[in-house]
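Engineer: Here it is: the structure, laid out below.
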Amino acid sequence: MTVDQALAFSIVAAMMALFIWGRLRYDVVALLSLLAAIAAGIVPPEKAFSGFSDDIVIIVASALIVSAAVGRSGVIERIVRRFGPYLTTVYRQIGALVGSVTVMSGFVKNIGALAMLMPVAFQVSRRTGTSPSSLLMPMSFGALLGGTVTLIGTSPNIIVSRVREQTLGQPFEMFDFAPVGACLSIVGFLFLLFGWRFLPADRKGTVSMDAAFTLDGYTTEVAVPKDSPAANITVKALEDLSEGDVEVITLIRGTKRRFDPAGNSVIKPDDVLILRGEPSALERLVALEKLTLVRHENGRATTDTPSDEIGIMEAVITPDSELVGYSVGQLKLAERHGMDLLAVSRTGRRIANRLRAVKLRAGDVVVLQGNLSTMPETLGELHLLPLAERDLRIGRRGSLLPIAVLALAMGLVAFSIVPVAIAFFGAAVILLLVRALSLREAYDVVEWPILVMLGALIPVSDALRTTGGTDLIAGWLSATASQLPVYGALLLLMAAAMAVTPFLNNAATVLVMAPIAASFAGNLGYRPDAFLMAVAIGAACDFLTPIGHQCNTLVMGPGGYRFGDYWRLGLPLSLIVLLAGTPLILYFWPI
């Protein structure tokens, strides 16, 4: 072992120890590791920041943006509304979510399947109170298992297929992986159905400030367009669609008003409704039923403002505010101050009148829309106290476009038209262009500490290869495997691929180990198929860390996981894959 190899192994070992210790944040550990590798001379200065341009960084960032756009499209609400009543226990939730992502991952890129179903998990979590940490890691592991079923499910399968073509002149076909992959997916699914209990129950992902507010609910005013699904249904049916989270306070038809309308009152097109509920519930109902917020000054506050600068803020009316004692109609907020009033919250009292007629009081909380660059100054001038920023999107209508864009991206990847990084990057850019997300929202949903960790660790991991450390490992493996029976050799190769993947990523692991496996099989006079399959399965099933595969990285921030949490669920699942995968490979691919 050379000095550089010893330094590389020492830095990686120290890094893993710090990750497991958990006292330092994972991105800080990654930055320290990169700095140590540069100081030791095993990462050249010109390559120090190459990791930030790596495909995996682009894939994870883009997938987070696409996933957020899908989650805010309104489509997820329809899915959960249909199946939500059946997902009453954690076992059913795990079964439905992990089962779905596992099946989907066999036919589309596994990270794409996970990105599509993550918003469903959040909706189920919100409605049932199940911690997202109980759902997201099992879903990620299910996606990894599902990717082993077909040629296109995960990158290691494609690379192993190419190595087989170079060795035998014929690549693996689309469903050659299915016998082993499907069996492992079923076994893994059954374990995850109960194994989620290994995860800590107190993990909380990145959350907004919404949970810090305990307001009595907002009152807002909406119109019912002719194309709204809410037209020609009863008041009770509309309230039931929100699962009781939104109340119809007043129904206005022309000059007639019905306060506290009866549940069997039918809502007609062009009716105006006064609704009361929490912002998130109002947002969902307005989007799903294609309702239109009533802006009494025709939305002039945002007419000349770029869409990316338009935003929503909450503020408390102080006793010194000039708004106290006046209605919206009298104040002319949009004309004078460039802001539209969207909703009002008044503690201890329901507001049943139209918003333009409501006389504002000190202590009222108002939701205002306008130019985010000028609103803070305007709020100060009006003696309004801004609340901590919240993710409010009242008035945004649902759209199928994010689902269509994601489906197109996964189709392009499935047919090898473009690489996965380009597909997801393109999808994210398109969704920003069509305003499925604003630029501000996109920057908010990206888990920047995760990207910093990835960008810093990629050069450190690559140092194992450039110093010859991976060749050293390969030599040890080959020497050890030659002394073992076939069963032991396959088990060793699969375990080695699992262990090396976090440091080389799964594609690099296959590139390093697949030729070794093929050469090893040839030297012993065996067919290489079983050994190549063992490398593919091992590289695809990285359950031990958040850095070996994009799926594990994607759920780390939203699930609130720590580095060491992956071992809790991942280690027993890895052992199951090793013990079940070896005989399955030997059965379906005789040597």
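Every chain in the structure tokens takes a letter, A first, then B, and so on in the order presented; its residues are numbered from 1, and the ligands are numbered from 1 following the presented order.
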Quick one: residues within 7 Å of Thr292 of chain A, only C-alpha atoms counted, chain neighbours fewer than 2 positions away excluded, as a PyMOL selection string?
Structural biologist: chain A and resi 222-224+290+294+395
Engineer: Take the residues that were just selected and, keeping C-alpha atoms, output them as a PDB file, in the first residue's frame.
Structural biologist:
ATOM      1  CA  VAL A 222     -64.054  33.128  -4.234  1.00  0.00           C
ATOM      2  CA  ALA A 223     -66.126  33.069  -7.398  1.00  0.00           C
ATOM      3  CA  VAL A 224     -67.401  29.853  -9.010  1.00  0.00           C
ATOM      4  CA  LYS A 290     -60.883  25.691 -10.040  1.00  0.00           C
ATOM      5  CA  VAL A 294     -62.221  37.695  -5.893  1.00  0.00           C
ATOM      6  CA  GLY A 395     -55.400  31.160  -5.488  1.00  0.00           C
TER       7      GLY A 395
END
Engineer: Report as a VMD selection string all protein, DNA and RNA residues lying within 6 Å of segment 521-531 of chain A, evaluated on only C-alpha atoms, omitting residues in the same chain fewer than 6 positions from it.
Structural biologist: chain A and resid 585 589 591
Engineer: Nearest to Val29 of chain A: which of A:Phe177, A:Ala69, A:Ile11, A:Arg568 is it, counting only C-alpha atoms?
Structural biologist: A:Ile11
Engineer: Which polymer residues have any atom within 9 Å of an atom of segment 268-276 of chain A, counting only C-alpha atoms, with same-chain residues fewer than 3 positions away left out, as a count of residues only?
Structural biologist: 35
Engineer: Mind checking DSSP for segment 17-171 of chain A and telling me the helix (DSSP H, G or I) residues as an NGL selection string?
Structural biologist: :A and (17-21 or 26-40 or 45-47 or 50-53 or 55-71 or 75-86 or 90-105 or 110-128 or 132-134 or 136-146 or 155-168)
Engineer: Give the answer as one residue: which of A:Val405, A:Val3, A:Val60, A:Val103 has the shortest atom-to-atom distance to Gly41 of chain A, using only C-alpha atoms?
Structural biologist: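 Comparing A:Val405, A:Val3, A:Val60, A:Val103 against Gly41 of chain A, the winner is A:Val3.
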Engineer: Between A:Arg562, A:Arg346, A:Arg92, A:Arg257, which is the closest to Leu360 of chain A once you count only C-alpha atoms?
Structural biologist: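 Between A:Arg562, A:Arg346, A:Arg92, A:Arg257, the residue approaching Leu360 of chain A most closely is A:Arg346.
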Engineer: Give the strand (DSSP E) residues of segment 185-385 of chain A, as assigned by DSSP on the backbone, as a VMD selection string.
Structural biologist: chain A and resid 218 to 223 246 to 253 256 to 259 272 to 277 292 to 293 310 to 317 339 to 345 365 to 371 384 to 385
Engineer: For Arg356 of chain A, please output as a PyMOL selection string all residues within 12 Å (counting only C-alpha atoms; exclusion window: fewer than 5 positions along the same chain).
Structural biologist: chain A and resi 220-221+274+294-297+326-333+340-344+351
Engineer: Would you write out those residues with N, CA and C atoms, as a PDB file, in the first residue's frame?
Structural biologist:
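Result went into result_4.pdb, see below:
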ATOM      1  N   THR A 220     -61.772  34.046   3.116  1.00  0.00           N
ATOM      2  CA  THR A 220     -61.464  34.524   1.776  1.00  0.00           C
ATOM      3  C   THR A 220     -62.713  34.457   0.923  1.00  0.00           C
ATOM      4  N   GLU A 221     -62.678  35.107  -0.210  1.00  0.00           N
ATOM      5  CA  GLU A 221     -63.855  35.235  -1.081  1.00  0.00           C
ATOM      6  C   GLU A 221     -63.513  34.682  -2.460  1.00  0.00           C
ATOM      7  N   ILE A 274     -68.093  32.900   0.475  1.00  0.00           N
ATOM      8  CA  ILE A 274     -67.182  33.321   1.528  1.00  0.00           C
ATOM      9  C   ILE A 274     -66.741  32.043   2.248  1.00  0.00           C
ATOM     10  N   VAL A 294     -61.631  36.412  -5.517  1.00  0.00           N
ATOM     11  CA  VAL A 294     -62.221  37.695  -5.893  1.00  0.00           C
ATOM     12  C   VAL A 294     -61.267  38.795  -5.469  1.00  0.00           C
ATOM     13  N   ARG A 295     -60.767  39.518  -6.445  1.00  0.00           N
ATOM     14  CA  ARG A 295     -59.916  40.677  -6.160  1.00  0.00           C
ATOM     15  C   ARG A 295     -60.722  41.920  -6.507  1.00  0.00           C
ATOM     16  N   HIS A 296     -60.990  42.728  -5.528  1.00  0.00           N
ATOM     17  CA  HIS A 296     -61.952  43.809  -5.706  1.00  0.00           C
ATOM     18  C   HIS A 296     -61.405  44.975  -6.499  1.00  0.00           C
ATOM     19  N   GLU A 297     -60.099  44.938  -6.789  1.00  0.00           N
ATOM     20  CA  GLU A 297     -59.536  45.995  -7.624  1.00  0.00           C
ATOM     21  C   GLU A 297     -58.932  45.393  -8.891  1.00  0.00           C
ATOM     22  N   TYR A 326     -61.266  50.944   8.506  1.00  0.00           N
ATOM     23  CA  TYR A 326     -61.646  51.125   7.108  1.00  0.00           C
ATOM     24  C   TYR A 326     -61.807  49.774   6.423  1.00  0.00           C
ATOM     25  N   SER A 327     -62.645  49.764   5.396  1.00  0.00           N
ATOM     26  CA  SER A 327     -62.834  48.556   4.595  1.00  0.00           C
ATOM     27  C   SER A 327     -61.869  48.568   3.420  1.00  0.00           C
ATOM     28  N   VAL A 328     -61.747  47.407   2.777  1.00  0.00           N
ATOM     29  CA  VAL A 328     -60.861  47.294   1.609  1.00  0.00           C
ATOM     30  C   VAL A 328     -61.318  48.229   0.502  1.00  0.00           C
ATOM     31  N   GLY A 329     -62.645  48.315   0.321  1.00  0.00           N
ATOM     32  CA  GLY A 329     -63.177  49.199  -0.721  1.00  0.00           C
ATOM     33  C   GLY A 329     -62.808  50.647  -0.485  1.00  0.00           C
ATOM     34  N   GLN A 330     -62.787  51.056   0.774  1.00  0.00           N
ATOM     35  CA  GLN A 330     -62.431  52.441   1.086  1.00  0.00           C
ATOM     36  C   GLN A 330     -60.934  52.697   0.965  1.00  0.00           C
ATOM     37  N   LEU A 331     -60.142  51.684   1.285  1.00  0.00           N
ATOM     38  CA  LEU A 331     -58.693  51.873   1.322  1.00  0.00           C
ATOM     39  C   LEU A 331     -58.040  51.918  -0.054  1.00  0.00           C
ATOM     40  N   LYS A 332     -58.625  51.180  -1.029  1.00  0.00           N
ATOM     41  CA  LYS A 332     -58.027  51.095  -2.375  1.00  0.00           C
ATOM     42  C   LYS A 332     -56.546  50.691  -2.277  1.00  0.00           C
ATOM     43  N   LEU A 333     -56.325  49.526  -1.665  1.00  0.00           N
ATOM     44  CA  LEU A 333     -54.955  49.070  -1.430  1.00  0.00           C
ATOM     45  C   LEU A 333     -54.148  48.925  -2.706  1.00  0.00           C
ATOM     46  N   ASP A 340     -52.907  43.544  -3.086  1.00  0.00           N
ATOM     47  CA  ASP A 340     -54.260  42.986  -3.084  1.00  0.00           C
ATOM     48  C   ASP A 340     -54.497  42.249  -1.780  1.00  0.00           C
ATOM     49  N   LEU A 341     -55.679  42.396  -1.198  1.00  0.00           N
ATOM     50  CA  LEU A 341     -56.055  41.649  -0.006  1.00  0.00           C
ATOM     51  C   LEU A 341     -56.691  40.338  -0.428  1.00  0.00           C
ATOM     52  N   LEU A 342     -56.120  39.208   0.016  1.00  0.00           N
ATOM     53  CA  LEU A 342     -56.634  37.898  -0.359  1.00  0.00           C
ATOM     54  C   LEU A 342     -57.453  37.249   0.741  1.00  0.00           C
ATOM     55  N   ALA A 343     -57.105  37.488   1.995  1.00  0.00           N
ATOM     56  CA  ALA A 343     -57.814  36.820   3.088  1.00  0.00           C
ATOM     57  C   ALA A 343     -57.580  37.587   4.377  1.00  0.00           C
ATOM     58  N   VAL A 344     -58.487  37.352   5.336  1.00  0.00           N
ATOM     59  CA  VAL A 344     -58.412  37.995   6.639  1.00  0.00           C
ATOM     60  C   VAL A 344     -58.653  36.949   7.718  1.00  0.00           C
ATOM     61  N   ILE A 351     -66.089  35.992   9.956  1.00  0.00           N
ATOM     62  CA  ILE A 351     -66.375  37.081   9.025  1.00  0.00           C
ATOM     63  C   ILE A 351     -67.285  36.520   7.941  1.00  0.00           C
TER      64      ILE A 351
END
Engineer: Tell me which of A:Leu431, A:Ala61, A:Val90, A:Ala489 sits closest to Leu554 of chain A, counting only C-alpha atoms.
Structural biologist: A:Ala61
Engineer: Give me, please, the distance in Å between atom CA of Ala497 of chain A and atom CA of Ala539 of chain A, quoted to one decimal.
Structural biologist: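 One can read the atom CA of Ala497 of chain A to atom CA of Ala539 of chain A distance as 5.0 Å.
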Engineer: Show which residues sit within 12 Å of Ser10 of chain A, as a list in words. Count only C-alpha atoms, and ignore same-chain residues fewer than 3 positions away.
Structural biologist: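 Result of the neighbour search: Val3, Asp4, Gln5, Ala6, Leu7, Ala13, Ala14, Met15, Met16, Ala17, Ser33, Ala36, Ala37, Ala40, Ile42, Val460, Ala463, Leu464 and Gly469 of chain A.
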Engineer: Could you check the closest approach to Gly106 of chain A for each of A:Met174, A:Val66, A:Leu586, A:Ala407 and tell me which residue wins, using only C-alpha atoms?
Structural biologist: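 Among A:Met174, A:Val66, A:Leu586, A:Ala407, it is A:Met174 that comes nearest to Gly106 of chain A.
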Engineer: Can you tell me, as an MDAnalysis selection string, what residues are no more than 12 Å from Leu136 of chain A when counting only C-alpha atoms, ignoring any on the same chain fewer than 6 positions away?
Structural biologist: chainID A and resid 93:94 97:98 101 114:115 117:122 124:125 130 142:143 192 196 199 203:205 551:561 566 569
Engineer: Output C-alpha atoms for every residue in the selection just made, as a tab-separated table (two decimals), in the first residue's frame.
Structural biologist:
chain	number	residue	atom	x	y	z
A	93	GLN	CA	-49.49	3.41	3.74
A	94	ILE	CA	-46.16	1.60	3.48
A	97	LEU	CA	-46.46	3.75	-1.38
A	98	VAL	CA	-43.55	1.28	-1.37
A	101	VAL	CA	-42.74	3.05	-6.28
A	114	LEU	CA	-39.61	8.36	-6.36
A	115	ALA	CA	-39.86	12.04	-7.34
A	117	LEU	CA	-44.61	9.67	-5.44
A	118	MET	CA	-42.87	11.72	-2.75
A	119	PRO	CA	-45.61	14.39	-2.80
A	120	VAL	CA	-48.18	11.61	-2.29
A	121	ALA	CA	-46.27	10.52	0.81
A	122	PHE	CA	-46.34	14.06	2.19
A	124	VAL	CA	-50.72	11.00	3.29
A	125	SER	CA	-48.48	12.08	6.17
A	130	THR	CA	-47.80	9.57	10.14
A	142	GLY	CA	-38.33	0.17	-2.67
A	143	ALA	CA	-37.31	2.31	-5.65
A	192	LEU	CA	-40.10	-3.02	4.51
A	196	TRP	CA	-40.00	0.63	8.99
A	199	LEU	CA	-36.47	3.91	11.88
A	203	ARG	CA	-37.25	12.57	12.84
A	204	LYS	CA	-38.77	15.68	11.30
A	205	GLY	CA	-37.94	16.88	7.83
A	551	CYS	CA	-32.81	8.17	-4.29
A	552	ASN	CA	-31.32	7.95	-0.79
A	553	THR	CA	-29.97	11.48	-1.10
A	554	LEU	CA	-33.32	12.80	-2.29
A	555	VAL	CA	-35.19	11.73	0.86
A	556	MET	CA	-32.54	12.72	3.40
A	557	GLY	CA	-33.61	16.33	3.94
A	558	PRO	CA	-37.40	15.93	3.58
A	559	GLY	CA	-37.32	12.88	5.86
A	560	GLY	CA	-35.14	14.58	8.46
A	561	TYR	CA	-32.72	11.63	8.40
A	566	TYR	CA	-29.72	4.54	7.00
A	569	LEU	CA	-33.16	-0.08	8.10
